[in-house]
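Right, one structure below, let's go through it.
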Amino acid sequence: MGVRIVKTENPRIRTTLWATAVDRQFTDHMLVVDYAPEKCWHEARIVPYGPLSIDPASVVLHYAQAVFECLKAFQNSRKGVILFRPDRYLARLNRSAARLCIPSLPEGFALDAIRELVGLEVDWLRRTGAHSLDVLASIIATEPTLGLYPSRNYTFFAILSTAGPSQKEGLSPVSLLVEPDHVRAAKGGLGGVKTPANYAAGLLAAQAARAKGFAEVLWLDAIKHRFVEEVGTMNIFFRIGDELVTPDLDGSILGGIVRECVIHLAREWSICVIERPIGMEELVDAHARGILHEVFGSATPAVICPVSQLSYKGHRLVVNDGAVGGWTRRFYDAITGIQQGSIEDPYGWTTTVAARTAP
């Protein structure tokens, strides 16, 4: 299956990007591929960025049958423009698709098509001063029906946006409110799936936490409300004594690609990393004993986000006097160094993109 390319006749004005990841400009083109049972995935095309046309009765609008991924392209000083771990993101897209009864997308083709799209838009990295190009890849159910069963028709699309560094001042520690009541996900549900419904469930609690001055919510398990799960859209790590501890993936936690990087690097550096349940009582006790040395989140946008304090049922757990810890900075420097090319990539985490002639 080839990709048909239709270049825009009205390129957008590209303004210099100075701020953060939320100050975005969407690029000129997008990738679209359709699915029908009799044709499977077909009619792949890169076309000018614009609205999608779907029937108001489309399954995605009523039953939320959709999955998505967000991966990143960087200007890498060693390799030119690269995608960071695109194979892992596309594999996770298909795992999510299987959970929501969506047909598998051929990963090799999807990677080649995304490379074509990014290659067409590389000037958005070079001319806007963007930190990265974010690739939002989604599959939505488009069959017009009101029956509660899997759609027969789907659309895969990918759009690109410029993004500045997620933390404008570098590593900036954030404070977290441990959520005692609201539940993000339960084991056996959609917590381990990259689907819009997974994220909508957290909006109310996150909004309330920000109104109280916290950056994000630290979610607990749905049954006992004791065991740590995720931070907003990030996985979470704790340095307790000389061990790096993170919740194990039991079905309610999304397995992050940056989480994989952290665990890989920790083991290579001979850091004892353990995946297991972590109760809030354990963290309160570790803080009281002075052995809760560092806390940080990991995610695609932020890479590594240090945590300065946790607020839990009247306990205020200040971590490392609010400063960035040594392990936290080491993980951040290593992963961003590979992304940007300041250090070599010995792990094969980067995939080169060939620039195409700009429109």
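The way I read the labels, and the way they are meant: chains A, B, ... in the order of the structure tokens, residue 1 as the first residue of every chain, and ligand 1 as the first ligand shown, with later ones counted on from there.
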Which residues, written as a PyMOL selection string, have at least one atom at most 12 Å from Thr328 of chain A, with only C-alpha atoms counted and residues fewer than 2 positions away on the same chain left out? chain A and resi 171-173+236-239+244+262+265-266+293-298+303-308+320+323-326+330-335
Using DSSP secondary structure from the backbone, list all strand (DSSP E) positions within segment 89-287 of chain A, as a ChimeraX atom specification. /A:132-141,154-163,174-178,216-220,228-231,235-240,243-246,272-275
Writing out the chosen residues with N, CA and C atoms as a tab-separated table (two decimals), in the first residue's frame:
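File produced: selection29.tsv:
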chain	number	residue	atom	x	y	z
A	132	SER	N	10.26	20.10	19.29
A	132	SER	CA	9.91	18.83	18.66
A	132	SER	C	8.71	19.02	17.76
A	133	LEU	N	8.45	18.01	16.94
A	133	LEU	CA	7.17	17.87	16.26
A	133	LEU	C	6.44	16.72	16.94
A	134	ASP	N	5.28	16.98	17.48
A	134	ASP	CA	4.48	15.93	18.09
A	134	ASP	C	3.60	15.27	17.03
A	135	VAL	N	3.64	13.96	16.99
A	135	VAL	CA	2.85	13.19	16.03
A	135	VAL	C	1.69	12.56	16.78
A	136	LEU	N	0.48	13.07	16.58
A	136	LEU	CA	-0.71	12.51	17.21
A	136	LEU	C	-1.36	11.56	16.21
A	137	ALA	N	-1.31	10.27	16.50
A	137	ALA	CA	-1.85	9.24	15.61
A	137	ALA	C	-3.07	8.61	16.27
A	138	SER	N	-4.19	8.61	15.56
A	138	SER	CA	-5.46	8.15	16.14
A	138	SER	C	-6.17	7.19	15.19
A	139	ILE	N	-6.96	6.30	15.77
A	139	ILE	CA	-7.90	5.47	15.01
A	139	ILE	C	-9.27	5.69	15.61
A	140	ILE	N	-10.23	6.07	14.78
A	140	ILE	CA	-11.60	6.31	15.25
A	140	ILE	C	-12.58	5.44	14.48
A	141	ALA	N	-13.66	5.04	15.15
A	141	ALA	CA	-14.70	4.21	14.54
A	141	ALA	C	-15.69	5.09	13.81
A	154	TYR	N	-13.35	2.33	9.93
A	154	TYR	CA	-12.45	3.11	10.78
A	154	TYR	C	-11.64	4.08	9.92
A	155	THR	N	-11.14	5.11	10.57
A	155	THR	CA	-10.18	6.02	9.95
A	155	THR	C	-8.98	6.17	10.87
A	156	PHE	N	-7.81	5.95	10.31
A	156	PHE	CA	-6.55	6.24	10.99
A	156	PHE	C	-6.05	7.57	10.46
A	157	PHE	N	-5.68	8.48	11.35
A	157	PHE	CA	-5.12	9.75	10.89
A	157	PHE	C	-4.00	10.18	11.82
A	158	ALA	N	-3.07	10.93	11.27
A	158	ALA	CA	-1.96	11.46	12.05
A	158	ALA	C	-1.77	12.92	11.69
A	159	ILE	N	-1.65	13.75	12.71
A	159	ILE	CA	-1.39	15.18	12.53
A	159	ILE	C	-0.13	15.54	13.30
A	160	LEU	N	0.50	16.63	12.89
A	160	LEU	CA	1.73	17.08	13.53
A	160	LEU	C	1.54	18.47	14.12
A	161	SER	N	2.19	18.70	15.24
A	161	SER	CA	2.18	20.06	15.80
A	161	SER	C	3.56	20.37	16.36
A	162	THR	N	3.94	21.64	16.27
A	162	THR	CA	5.18	22.08	16.90
A	162	THR	C	4.99	22.09	18.41
A	163	ALA	N	6.07	21.87	19.13
A	163	ALA	CA	6.00	21.91	20.59
A	163	ALA	C	7.31	22.44	21.15
A	174	VAL	N	7.32	19.66	40.67
A	174	VAL	CA	5.90	19.96	40.80
A	174	VAL	C	5.35	19.31	42.07
A	175	SER	N	4.24	19.85	42.55
A	175	SER	CA	3.57	19.30	43.73
A	175	SER	C	2.34	18.50	43.30
A	176	LEU	N	2.06	17.41	44.01
A	176	LEU	CA	0.97	16.51	43.64
A	176	LEU	C	-0.02	16.36	44.79
A	177	LEU	N	-1.29	16.31	44.44
A	177	LEU	CA	-2.35	16.01	45.40
A	177	LEU	C	-2.74	14.55	45.23
A	178	VAL	N	-2.60	13.75	46.28
A	178	VAL	CA	-3.00	12.35	46.22
A	178	VAL	C	-4.52	12.31	46.31
A	216	GLU	N	-0.83	18.40	39.59
A	216	GLU	CA	-1.50	17.21	39.09
A	216	GLU	C	-2.01	16.36	40.23
A	217	VAL	N	-2.71	15.28	39.83
A	217	VAL	CA	-3.27	14.31	40.76
A	217	VAL	C	-2.43	13.04	40.74
A	218	LEU	N	-2.15	12.50	41.91
A	218	LEU	CA	-1.58	11.17	42.02
A	218	LEU	C	-2.71	10.21	42.32
A	219	TRP	N	-2.96	9.30	41.39
A	219	TRP	CA	-4.09	8.39	41.49
A	219	TRP	C	-3.76	7.17	42.34
A	220	LEU	N	-4.76	6.70	43.09
A	220	LEU	CA	-4.65	5.48	43.86
A	220	LEU	C	-5.51	4.39	43.24
A	228	VAL	N	-0.46	3.31	45.01
A	228	VAL	CA	-0.16	4.32	43.99
A	228	VAL	C	-0.29	3.72	42.60
A	229	GLU	N	-0.85	4.52	41.66
A	229	GLU	CA	-0.94	4.07	40.28
A	229	GLU	C	-0.22	5.02	39.32
A	230	GLU	N	-0.84	6.12	38.93
A	230	GLU	CA	-0.25	7.05	37.96
A	230	GLU	C	-0.35	8.48	38.45
A	231	VAL	N	0.41	9.36	37.79
A	231	VAL	CA	0.27	10.81	37.99
A	231	VAL	C	-0.29	11.40	36.72
A	235	ASN	N	3.69	7.93	34.33
A	235	ASN	CA	4.06	6.88	35.28
A	235	ASN	C	4.86	7.52	36.40
A	236	ILE	N	4.97	6.82	37.52
A	236	ILE	CA	5.60	7.41	38.70
A	236	ILE	C	6.70	6.50	39.24
A	237	PHE	N	7.81	7.12	39.70
A	237	PHE	CA	8.94	6.41	40.28
A	237	PHE	C	9.29	7.02	41.63
A	238	PHE	N	9.76	6.15	42.55
A	238	PHE	CA	10.18	6.58	43.88
A	238	PHE	C	11.58	6.02	44.16
A	239	ARG	N	12.48	6.89	44.62
A	239	ARG	CA	13.76	6.41	45.12
A	239	ARG	C	13.64	6.27	46.63
A	240	ILE	N	13.53	5.03	47.07
A	240	ILE	CA	13.39	4.71	48.49
A	240	ILE	C	14.67	4.02	48.92
A	243	GLU	N	16.94	2.00	46.30
A	243	GLU	CA	16.15	1.28	45.31
A	243	GLU	C	15.25	2.24	44.54
A	244	LEU	N	15.03	1.95	43.27
A	244	LEU	CA	14.09	2.70	42.46
A	244	LEU	C	12.84	1.83	42.32
A	245	VAL	N	11.72	2.33	42.81
A	245	VAL	CA	10.50	1.54	42.88
A	245	VAL	C	9.42	2.20	42.03
A	246	THR	N	8.68	1.40	41.27
A	246	THR	CA	7.58	1.90	40.46
A	246	THR	C	6.44	0.90	40.49
A	272	CYS	N	19.13	-0.78	41.49
A	272	CYS	CA	18.12	-1.79	41.80
A	272	CYS	C	16.74	-1.21	41.54
A	273	VAL	N	16.08	-1.66	40.48
A	273	VAL	CA	14.75	-1.16	40.13
A	273	VAL	C	13.74	-2.28	40.34
A	274	ILE	N	12.66	-1.95	41.04
A	274	ILE	CA	11.66	-2.95	41.42
A	274	ILE	C	10.29	-2.47	40.98
A	275	GLU	N	9.55	-3.34	40.32
A	275	GLU	CA	8.16	-3.08	39.94
A	275	GLU	C	7.26	-3.84	40.92
Based on DSSP run over this structure's backbone, return all residues of segment 92-164 of chain A in alpha helix (DSSP H), as a list in words. Arg92, Leu93, Asn94, Arg95, Ser96, Ala97, Ala98, Arg99, Glu107, Gly108, Phe109, Ala110, Leu111, Asp112, Ala113, Ile114, Arg115, Glu116, Leu117, Val118, Gly119, Leu120, Asp123, Trp124, Leu125, Arg126, Arg127 and Thr128 of chain A
Write the residues of the preceding selection, restricted to N, CA and C atoms, as an mmCIF file, in the first residue's frame.
data_model
loop_
_atom_site.group_PDB
_atom_site.id
_atom_site.type_symbol
_atom_site.label_atom_id
_atom_site.label_comp_id
_atom_site.auth_asym_id
_atom_site.auth_seq_id
_atom_site.Cartn_x
_atom_site.Cartn_y
_atom_site.Cartn_z
ATOM 1 N N ARG A 92 2.099 -0.259 20.859
ATOM 2 C CA ARG A 92 1.125 0.022 21.914
ATOM 3 C C ARG A 92 -0.212 0.467 21.319
ATOM 4 N N LEU A 93 -0.163 1.190 20.202
ATOM 5 C CA LEU A 93 -1.408 1.569 19.525
ATOM 6 C C LEU A 93 -2.198 0.318 19.155
ATOM 7 N N ASN A 94 -1.528 -0.693 18.647
ATOM 8 C CA ASN A 94 -2.225 -1.921 18.278
ATOM 9 C C ASN A 94 -2.705 -2.714 19.483
ATOM 10 N N ARG A 95 -1.961 -2.682 20.588
ATOM 11 C CA ARG A 95 -2.455 -3.337 21.807
ATOM 12 C C ARG A 95 -3.725 -2.655 22.296
ATOM 13 N N SER A 96 -3.732 -1.334 22.239
ATOM 14 C CA SER A 96 -4.944 -0.597 22.624
ATOM 15 C C SER A 96 -6.089 -0.925 21.669
ATOM 16 N N ALA A 97 -5.778 -0.991 20.376
ATOM 17 C CA ALA A 97 -6.801 -1.291 19.376
ATOM 18 C C ALA A 97 -7.439 -2.647 19.642
ATOM 19 N N ALA A 98 -6.627 -3.637 19.979
ATOM 20 C CA ALA A 98 -7.167 -4.976 20.246
ATOM 21 C C ALA A 98 -8.147 -4.939 21.413
ATOM 22 N N ARG A 99 -7.851 -4.138 22.439
ATOM 23 C CA ARG A 99 -8.736 -4.050 23.616
ATOM 24 C C ARG A 99 -10.077 -3.438 23.254
ATOM 25 N N GLU A 107 2.055 -2.224 11.291
ATOM 26 C CA GLU A 107 2.981 -1.304 11.950
ATOM 27 C C GLU A 107 4.094 -0.827 11.030
ATOM 28 N N GLY A 108 4.600 -1.720 10.191
ATOM 29 C CA GLY A 108 5.648 -1.311 9.262
ATOM 30 C C GLY A 108 5.167 -0.255 8.296
ATOM 31 N N PHE A 109 3.968 -0.454 7.758
ATOM 32 C CA PHE A 109 3.400 0.545 6.851
ATOM 33 C C PHE A 109 3.152 1.857 7.596
ATOM 34 N N ALA A 110 2.572 1.782 8.809
ATOM 35 C CA ALA A 110 2.263 3.001 9.561
ATOM 36 C C ALA A 110 3.531 3.798 9.842
ATOM 37 N N LEU A 111 4.621 3.113 10.182
ATOM 38 C CA LEU A 111 5.877 3.804 10.438
ATOM 39 C C LEU A 111 6.387 4.486 9.178
ATOM 40 N N ASP A 112 6.355 3.779 8.049
ATOM 41 C CA ASP A 112 6.817 4.382 6.791
ATOM 42 C C ASP A 112 5.974 5.601 6.425
ATOM 43 N N ALA A 113 4.662 5.499 6.628
ATOM 44 C CA ALA A 113 3.770 6.605 6.276
ATOM 45 C C ALA A 113 4.003 7.812 7.180
ATOM 46 N N ILE A 114 4.224 7.568 8.460
ATOM 47 C CA ILE A 114 4.508 8.666 9.392
ATOM 48 C C ILE A 114 5.849 9.307 9.053
ATOM 49 N N ARG A 115 6.821 8.502 8.676
ATOM 50 C CA ARG A 115 8.111 9.069 8.256
ATOM 51 C C ARG A 115 7.937 9.946 7.019
ATOM 52 N N GLU A 116 7.072 9.531 6.090
ATOM 53 C CA GLU A 116 6.782 10.363 4.910
ATOM 54 C C GLU A 116 6.194 11.702 5.342
ATOM 55 N N LEU A 117 5.232 11.649 6.263
ATOM 56 C CA LEU A 117 4.569 12.873 6.718
ATOM 57 C C LEU A 117 5.557 13.801 7.419
ATOM 58 N N VAL A 118 6.335 13.255 8.341
ATOM 59 C CA VAL A 118 7.308 14.082 9.064
ATOM 60 C C VAL A 118 8.359 14.634 8.104
ATOM 61 N N GLY A 119 8.791 13.789 7.141
ATOM 62 C CA GLY A 119 9.772 14.252 6.164
ATOM 63 C C GLY A 119 9.275 15.416 5.334
ATOM 64 N N LEU A 120 7.971 15.444 5.089
ATOM 65 C CA LEU A 120 7.380 16.543 4.337
ATOM 66 C C LEU A 120 7.326 17.833 5.152
ATOM 67 N N ASP A 123 10.653 21.319 7.859
ATOM 68 C CA ASP A 123 10.934 22.748 7.984
ATOM 69 C C ASP A 123 10.206 23.375 9.166
ATOM 70 N N TRP A 124 9.127 22.740 9.618
ATOM 71 C CA TRP A 124 8.446 23.253 10.802
ATOM 72 C C TRP A 124 9.337 23.139 12.038
ATOM 73 N N LEU A 125 10.212 22.160 12.058
ATOM 74 C CA LEU A 125 11.196 22.076 13.145
ATOM 75 C C LEU A 125 12.264 23.147 12.990
ATOM 76 N N ARG A 126 12.755 23.305 11.792
ATOM 77 C CA ARG A 126 13.929 24.145 11.549
ATOM 78 C C ARG A 126 13.610 25.633 11.552
ATOM 79 N N ARG A 127 12.421 25.994 11.068
ATOM 80 C CA ARG A 127 12.112 27.418 10.900
ATOM 81 C C ARG A 127 11.356 28.040 12.064
ATOM 82 N N THR A 128 10.771 27.229 12.929
ATOM 83 C CA THR A 128 9.998 27.784 14.038
ATOM 84 C C THR A 128 10.749 27.731 15.360
#
If you count only C-alpha atoms, which residues fall within 10 Å of Glu9 of chain A, apart from same-chain ones fewer than 3 positions away, as a short mmCIF file (atom, residue, chain, number, x, y, z; two decimals) with C-alpha atoms, in the first residue's frame?
data_model
loop_
_atom_site.label_atom_id
_atom_site.label_comp_id
_atom_site.auth_asym_id
_atom_site.auth_seq_id
_atom_site.Cartn_x
_atom_site.Cartn_y
_atom_site.Cartn_z
CA VAL A 6 -1.41 15.99 -2.20
CA ARG A 12 0.46 28.24 6.87
CA ASP A 28 0.33 21.92 6.71
CA PRO A 48 -3.62 19.34 3.40
CA PRO A 359 5.59 22.44 -0.62
#
Can you list, as a tab-separated table (two decimals) with C-alpha atoms, in the first residue's frame, every protein, DNA or RNA residue that comes within 8 Å of segment 34-39 of chain A when you count only C-alpha atoms, leaving out same-chain residues fewer than 2 positions away?
chain	number	residue	atom	x	y	z
A	32	VAL	CA	-5.29	9.62	6.53
A	41	TRP	CA	-6.67	-0.65	5.43
A	42	HIS	CA	-6.65	1.24	2.13
A	43	GLU	CA	-6.43	4.62	0.37
A	44	ALA	CA	-3.50	5.99	2.33
A	152	ARG	CA	-17.03	-2.05	10.71
A	153	ASN	CA	-15.38	1.13	9.40
A	154	TYR	CA	-12.45	3.11	10.78
A	155	THR	CA	-10.18	6.02	9.95
A	156	PHE	CA	-6.55	6.24	10.99
In Å, how far is it from atom CA of Val319 of chain A to atom CA of Ser252 of chain A? 26.1 Å
